[in-house]
Structure formats: structure tokens, C-alpha cells
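*Asks:* Sharing a structure here in C-alpha cells format.
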Amino acid sequence: MRKPTCPPCRPWLVFTTWAVVALAGCAAAPSTAPQAPAESSVGTPPTPIQADDTALQQDFSRWILSMRDTARTAGIDEATLAVAFDGIRYLPRVVESDRSQPEFTRTVWDYLDRAVSPQRIALGQDKLQQVRPEADAAAARYGVPAAIVVAIWGVESNYGGNFGDIPTIDALATLGFEGRRQTWARDQLLAALKILQNGDIDRAHMIGSWAGAMGQTQFLPSVFLNTAVDADGDGRRDIWGSMADVTASTANFLARAGWQAQQPWGAEVRLPPAFDIGRADAALRQSTAQWAAEGVQSVDGAPLPELADAAILLPAGARGPAFLIGPNFRAILRYNNSTSYALAVALLAQRLAGGPGVQAPWPRDLAALTRSQLLALQTALNERGFDSGTPDGVMGPATRQGLLRYQRSVGLPADGYPTVELLERLLER
């Protein structure tokens with residue numbers, strides 16, 4: 001499933017708590033299913049290697065010969081190897097997508113505006129009714145609500161309208177040959193060959209993102225082998241064309257990721273005036289009763305959901321909405337380790353089921369820092385003694401902790417949220 005998040009996207013969907021890197025065409029990361037909503041390059045035919053790149057073609061051909069030997073040793077038969085590798089193409093566009101490092105990032109509200117748009121909600125409500133028998137069957141079997149499964153379908157591929165048209169075998173062979181993530185790509189390619197050999201899908205229909213994520217809900221090949229389900233009983237696990245298989249496979253993944261049946265993902269909450277913002281930390285978990293005792297309330301006045309180990313999430317810092325999140329939110333994160341992604345799935349599912357959207361306003365006057373600005377912020381934090389890890393221009397847990405410590409040291413609300421104002425303050429001499 002998604003995502004190299006980038007390393008290609010869902011194994012590589014980088015965990016960006018506060019800002020989402022805008023990855024055009026990014027689709028899979030070695031973890032699960034990947035992708036930001038409706039941002040793939042579907043519709044453009046894969047670009048084969050150019051005729052004058054003779055040396056590169058020869059090197060690629062030699063790599064394929066070596067890969068054939070590796071695959072034989074792994075138990076792949078000659079018929080499958082012929083189908084997979086005879087006529088295989090090196091795809092320069094895959095390498096270009098893998099190497100791209102977008103400078104501009106997106107705020108969580110910009111991400112949600114697209115992922116949970118009125119159009120996606122309306123279409124999703126129609127799709128939920130269309131696949132109701134299959135989704136309800138998956139819900140009964142795995143304990144994952146139909147609306148959650150359909151929401152993942154919506155965010156991953158716009159309900160099947162945009163799940164990629166790049167041949168998975170070609171994409172993974174290109175990534176393995178290119179070498180930046182050679183071991184990962186080779187492992188995924190071997191998994192894809194096993195899928196072909198098992199007869200779940202033929203080569204022509206094994207398509208998806210440039211990073212190897214496949215099908216309606218974007219499974220990586222290794223995830224497919226471990227999680228995909230033949231729910232319609234036709235002897236094949238078809239996450240491209242069978243909605244019974246798509247919904248069951250997606251629900252099975254979430255169940256294995258720790259989904260708790262009959263529990264909500266969480267709820268939007270209102271924090272008391274004296275709340276210590278620094279306690280809004282994914283690692284700080286306690287019962288709903290304990291949070292309620294501190295004055296945390298639901299935004300609509302209803303009782304808080306009963307969760308044994310809930311955390312407070314402030315995806316836009318102290319000025320934005322607050323959420324109480326539990327094990328099921330963390331299960332969605334295992335599908336794609338991006339807070340914005342998990343929040344999009346949870347909120348879209350909530351809307352599909354007839355629930356409300358986010359009630360508190362987003363701080364839309366705040367601009368997302370670019371990668372260069374985040375790099376400068378990390379460097380400045382390190383220079384001032386607030387360790388944020390190796391500067392890389394990506395907002396992650398180490399940077400957040402460094403920023404929290406800096407904010408506390410100067411008497412600011414410690415929400416760990418990066419702003420231009422904070423960057424300018426850090427750069428003052």
C-alpha cells in the first residue's frame with residue numbers, strides 16, 4: 001500500500017505530522033497502501049527507454065538476467081519469468097518521480113480540503129450504497145465499518161477512478177535497477193512475481209502507481225501476499241476488479257493492524273483554557289475518563305468515546321482543532337503513516353456515515369513552511385542546543401520534540417507546530 005510516502009509514497013509516506021509534502025504521482029511506500037488524494041500521474045502512458053540509450057538498455061538487460069536467476073532461486077517458474085520479463089521496459093518517468101523532492105509543502109487543512117471535498121463526500125455516499133453488500137460483508141467478517149473501508153478507497157484512488165496505469169513489474173524493475181532503493185524494490189518485485197505465479201492477476205492488468213502500489217486501495221505486492229483476500233470465491237485475489245476482494249482485503253489489513261471492532265477512531269474535542277498544550281502528544285496516552293477529568297470535552301457536548309488509551313492530536317498546532325484519537329486512528333496510520341492521511345480517512349468516513357465535519361476553524365492565515373525553511377528551522381534548533389535530529393527538510397517527531405523544547409524555553413505555547421514566525425525568531429542573532 002502506499003506508499004515509497006516518498007520513498008516512493010506509502011512505504012515511504014514520510015510521517016509528516018504538521019504539513020503534507022505535495023507528492024505528484026507518488027504512490028507507495030514500503031509499508032502499506034499510499035497516496036495523497038487524486039495526485040497521481042494516471043493517464044500518461046509509461047515512457048520506454050529511448051532508442052539512443054544503448055548502454056543503459058544493455059545494463060538494464062543484464063540486471064534483468066541477474067534478477068531472473070534470483071527469482072528462480074526464490075521458486076519462480078520459467079513460464080512466469082517469461083511472462084514477466086520478456087519485453088520488459090525501463091521507465092524513465094519512474095526514476096524521475098522517485099528522485100523528485102518537492103520544495104513546497106501543504107498544510108493539513110489544504111490536504112483535507114481536497115481529500116474530504118464536498119464532491120468526494122457526495123460521490124462516496126453513492127459508492128457506499130453501490131458496494132453496500134460487499135462492504136457490509138467485510139465489516140461483519142473483520143469488524144471494520146463499511147464507511148472506513150470506502151473512505152480508504154476514496155482517498156487512495158478516488159473510488160477506483162485513479163489507481164494508476166503503470167505496469168507494476170516494469171516500475172519495480174526500474175526502481176530495482178536504478179538502485180536508490182534496490183533491496184526494497186527487489187523484494188517487492190519478487191512478491192509481484194509470486195502474485196503472477198499464483199494466478200491472482202495477469203501481467204497486463206497488474207497496474208498501479210509509479211512506486212509499485214496496486215489496485216483500488218493501493219497495496220504493495222508484499223502487502224498483497226500477506227493481506228489480500230479472495231472474498232468472492234473465484235480462486236483469485238483481485239483488488240483491481242472485484243469489489244468483494246477490494247473491501248475484504250482492505251478491512252483485513254486494518255484488522256491485522258489492530259482495529260478494534262465497535263470502537264470509533266476518535267472525536268473532535270474542546271480543550272480547557274488551562275490545558276498544557278505540550279500534553280498533546282501521540283506518545284501520551286490515557287483513558288477517556290482521565291482526559292475528561294482534565295476538562296477535555298467533545299465539541300458537541302456528547303459524551304466522549306470510551307477509549308482506554310487515547311491521545312490528544314493538534315494537527316494544526318494550538319490554534320487549530322483538537323482531536324481525541326485511539327487505537328483505530330493508529331490502525332489507519334499503519335495503512336499510511338501520515339497524520340493528515342489518517343485524519344482524512346477518519347473524517348471522510350464520518351461524513352459518509354452522515355456525521356459532521358470539523359467544527360473548530362483551521363488557522364488558515366498560517367503558511368506551510370517549504371522544505372528549505374524546515375531545513376533552516378532544524379539547523380537553527382540544533383545550533384541552539386534543541387536537538388531535532390539530522391536536518392532533512394521533513395517535519396517529523398524529532399523536529400517536533402526539538403521545537404517543543406525551544407518553545408518551552410522562551411515561554412511560548414509548546415505545540416511543536418512550525419511557523420514562519422518561529423523560524424524568524426530562531427534565526428535572530
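Identifiers in the C-alpha cells: chain A, B, ... in order shown; residue index from 1 per chain; ligand index from 1 in order shown.
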Would you please extract all helix (DSSP H, G or I) residues from stretch 72-281 of chain A, as assigned by DSSP on the backbone, and give them as a ChimeraX atom specification?

*Replies:* /A:72-73,78-85,92-99,108-115,118-130,132-142,146-157,168-178,182-198,203-205,221-227,243-256,277-279

*Asks:* Now that the selection is made, can you save its residues with C-alpha atoms as a compact mmCIF listing (two decimals), in the first residue's frame?

*Replies:*
# COMPACT_ATOMS: atom_id res chain seq x y z
CA ARG A 72 14.44 -18.84 -9.93
CA THR A 73 16.22 -19.41 -6.65
CA GLU A 78 10.16 -20.32 -16.11
CA ALA A 79 6.69 -19.61 -17.50
CA THR A 80 6.17 -16.79 -15.03
CA LEU A 81 9.64 -15.40 -15.68
CA ALA A 82 8.94 -15.33 -19.41
CA VAL A 83 5.62 -13.53 -18.93
CA ALA A 84 7.15 -11.03 -16.53
CA PHE A 85 10.47 -10.24 -18.20
CA PRO A 92 12.50 6.83 -17.03
CA ARG A 93 9.42 8.54 -15.61
CA VAL A 94 9.51 6.21 -12.61
CA VAL A 95 13.07 7.26 -11.80
CA GLU A 96 12.17 10.92 -12.24
CA SER A 97 9.22 10.57 -9.87
CA ASP A 98 11.33 8.72 -7.31
CA ARG A 99 14.06 11.32 -7.31
CA VAL A 108 -3.28 19.80 6.87
CA TRP A 109 -6.31 21.90 6.01
CA ASP A 110 -5.23 22.21 2.38
CA TYR A 111 -4.88 18.43 2.29
CA LEU A 112 -8.29 17.89 3.87
CA ASP A 113 -9.95 20.41 1.56
CA ARG A 114 -9.09 18.08 -1.31
CA ALA A 115 -9.30 14.71 0.41
CA PRO A 118 -17.95 18.05 -0.97
CA GLN A 119 -17.58 16.25 -4.30
CA ARG A 120 -15.72 13.34 -2.73
CA ILE A 121 -18.28 13.09 0.05
CA ALA A 122 -21.20 13.06 -2.38
CA LEU A 123 -19.56 10.53 -4.67
CA GLY A 124 -18.56 8.42 -1.68
CA GLN A 125 -22.13 8.27 -0.39
CA ASP A 126 -23.23 6.96 -3.78
CA LYS A 127 -20.36 4.48 -3.91
CA LEU A 128 -21.09 3.28 -0.38
CA GLN A 129 -24.59 2.32 -1.47
CA GLN A 130 -23.30 0.68 -4.65
CA ARG A 132 -23.01 -1.95 0.36
CA PRO A 133 -23.35 -5.77 0.16
CA GLU A 134 -19.59 -6.30 -0.25
CA ALA A 135 -18.63 -3.66 2.32
CA ASP A 136 -21.13 -4.96 4.88
CA ALA A 137 -19.84 -8.50 4.38
CA ALA A 138 -16.28 -7.29 5.02
CA ALA A 139 -17.46 -5.38 8.09
CA ALA A 140 -19.17 -8.46 9.50
CA ARG A 141 -16.07 -10.59 8.91
CA TYR A 142 -13.37 -8.18 10.12
CA ALA A 146 -18.08 -0.11 5.74
CA ALA A 147 -17.65 3.68 5.79
CA ILE A 148 -13.99 3.36 6.84
CA VAL A 149 -13.22 0.91 4.03
CA VAL A 150 -14.97 3.09 1.45
CA ALA A 151 -13.16 6.18 2.80
CA ILE A 152 -9.79 4.50 2.23
CA TRP A 153 -10.97 3.58 -1.26
CA GLY A 154 -11.88 7.21 -1.83
CA VAL A 155 -8.62 8.70 -0.57
CA GLU A 156 -6.42 6.09 -2.24
CA SER A 157 -7.90 6.11 -5.74
CA THR A 168 3.87 -2.91 -11.69
CA ILE A 169 6.56 -5.27 -12.95
CA ASP A 170 8.16 -2.57 -15.12
CA ALA A 171 8.01 0.03 -12.35
CA LEU A 172 9.60 -2.20 -9.71
CA ALA A 173 12.26 -3.50 -12.10
CA THR A 174 13.13 0.10 -12.98
CA LEU A 175 13.44 1.05 -9.30
CA GLY A 176 15.49 -2.06 -8.53
CA PHE A 177 17.86 -1.39 -11.39
CA GLU A 178 18.18 2.32 -10.60
CA GLN A 182 17.42 -1.54 -4.63
CA THR A 183 16.81 -4.03 -1.82
CA TRP A 184 13.26 -2.85 -1.20
CA ALA A 185 12.40 -2.81 -4.91
CA ARG A 186 13.85 -6.30 -5.48
CA ASP A 187 11.80 -7.68 -2.59
CA GLN A 188 8.63 -6.08 -3.93
CA LEU A 189 9.40 -7.35 -7.43
CA LEU A 190 9.78 -10.90 -6.12
CA ALA A 191 6.44 -10.53 -4.35
CA ALA A 192 4.86 -9.30 -7.59
CA LEU A 193 6.25 -12.35 -9.43
CA LYS A 194 4.68 -14.63 -6.81
CA ILE A 195 1.33 -12.92 -7.38
CA LEU A 196 1.64 -13.60 -11.12
CA GLN A 197 2.65 -17.20 -10.50
CA ASN A 198 -0.31 -17.70 -8.14
CA ARG A 203 0.67 -9.12 -16.12
CA ALA A 204 -1.32 -6.76 -18.33
CA HIS A 205 -3.77 -5.98 -15.55
CA PRO A 221 2.95 -6.56 -3.61
CA SER A 222 4.30 -7.77 -0.25
CA VAL A 223 1.19 -6.45 1.50
CA PHE A 224 -0.97 -8.14 -1.10
CA LEU A 225 0.64 -11.52 -0.42
CA ASN A 226 0.06 -11.19 3.32
CA THR A 227 -3.31 -9.47 3.38
CA MET A 243 -15.18 -5.09 -5.05
CA ALA A 244 -15.74 -8.06 -2.76
CA ASP A 245 -11.98 -8.67 -2.78
CA VAL A 246 -11.15 -4.95 -2.53
CA THR A 247 -13.32 -4.33 0.53
CA ALA A 248 -12.39 -7.57 2.30
CA SER A 249 -8.66 -7.11 1.67
CA THR A 250 -8.72 -3.53 2.94
CA ALA A 251 -10.70 -4.49 6.04
CA ASN A 252 -8.38 -7.44 6.66
CA PHE A 253 -5.37 -5.13 6.60
CA LEU A 254 -6.91 -2.81 9.17
CA ALA A 255 -7.97 -5.73 11.38
CA ARG A 256 -4.41 -7.05 11.36
CA ILE A 277 -0.59 22.10 25.06
CA GLY A 278 2.59 20.08 25.42
CA ARG A 279 0.46 17.12 26.58

*Asks:* Rounded to one decimal place, report the atom CA of A:Ala342-atom CA of A:Leu374 distance in Å.

*Replies:* 22.5 Å

*Asks:* According to DSSP computed on the backbone, where in stretch 126-220 of chain A is there strand (DSSP E or B)? Give the residues as a compact mmCIF listing (two decimals) with N, CA, C and O atoms, in the first residue's frame.

*Replies:*
# COMPACT_ATOMS: atom_id res chain seq x y z
N ILE A 166 0.44 2.30 -14.54
CA ILE A 166 1.82 1.91 -14.80
C ILE A 166 1.99 0.42 -14.49
O ILE A 166 1.61 -0.04 -13.41
N PRO A 167 2.54 -0.36 -15.41
CA PRO A 167 2.75 -1.78 -15.14
C PRO A 167 3.65 -1.99 -13.92
O PRO A 167 4.76 -1.47 -13.85
N ILE A 207 -1.46 -3.32 -12.58
CA ILE A 207 -1.06 -1.94 -12.78
C ILE A 207 -1.30 -1.14 -11.51
O ILE A 207 -2.04 -1.57 -10.62
N GLY A 208 -0.65 0.02 -11.44
CA GLY A 208 -0.82 0.87 -10.28
C GLY A 208 0.04 2.11 -10.38
O GLY A 208 0.21 2.68 -11.47
N MET A 214 -0.65 -1.06 -5.88
CA MET A 214 -1.52 -1.64 -6.89
C MET A 214 -2.99 -1.59 -6.48
O MET A 214 -3.34 -1.66 -5.31
N PHE A 219 -2.32 -1.53 -2.67
CA PHE A 219 -1.48 -2.45 -1.90
C PHE A 219 -0.13 -2.60 -2.58
O PHE A 219 -0.06 -2.76 -3.80

*Asks:* Taking into account only C-alpha atoms, which residue in the set A:Asp230, A:Glu383, A:Glu428, A:Asp276 is nearest to A:Ala414?

*Replies:*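 Selected residue with least distance to A:Ala414: A:Asp276.
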
*Asks:* Go through A:Pro272, A:Gly235, A:Gly411, A:Gly164 and flag the residue nearest A:Ser209, using only C-alpha atoms for the distances.

*Replies:*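 Ranking A:Pro272, A:Gly235, A:Gly411, A:Gly164 by distance to A:Ser209, first place goes to A:Gly164.
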
*Asks:* Would you compute the distance between atom CA of A:Asp200 and atom CA of A:Asp238? Give it in Å to one decimal.

*Replies:*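 Taking atom CA of A:Asp200 and atom CA of A:Asp238, their separation equals 6.2 Å.
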
*Asks:* Using only C-alpha atoms, which of A:Tyr90, A:Trp63, A:Tyr406, A:Trp259 sits nearest A:Asn328?

*Replies:*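 Of the candidates, the smallest distance to A:Asn328 is held by A:Trp259.
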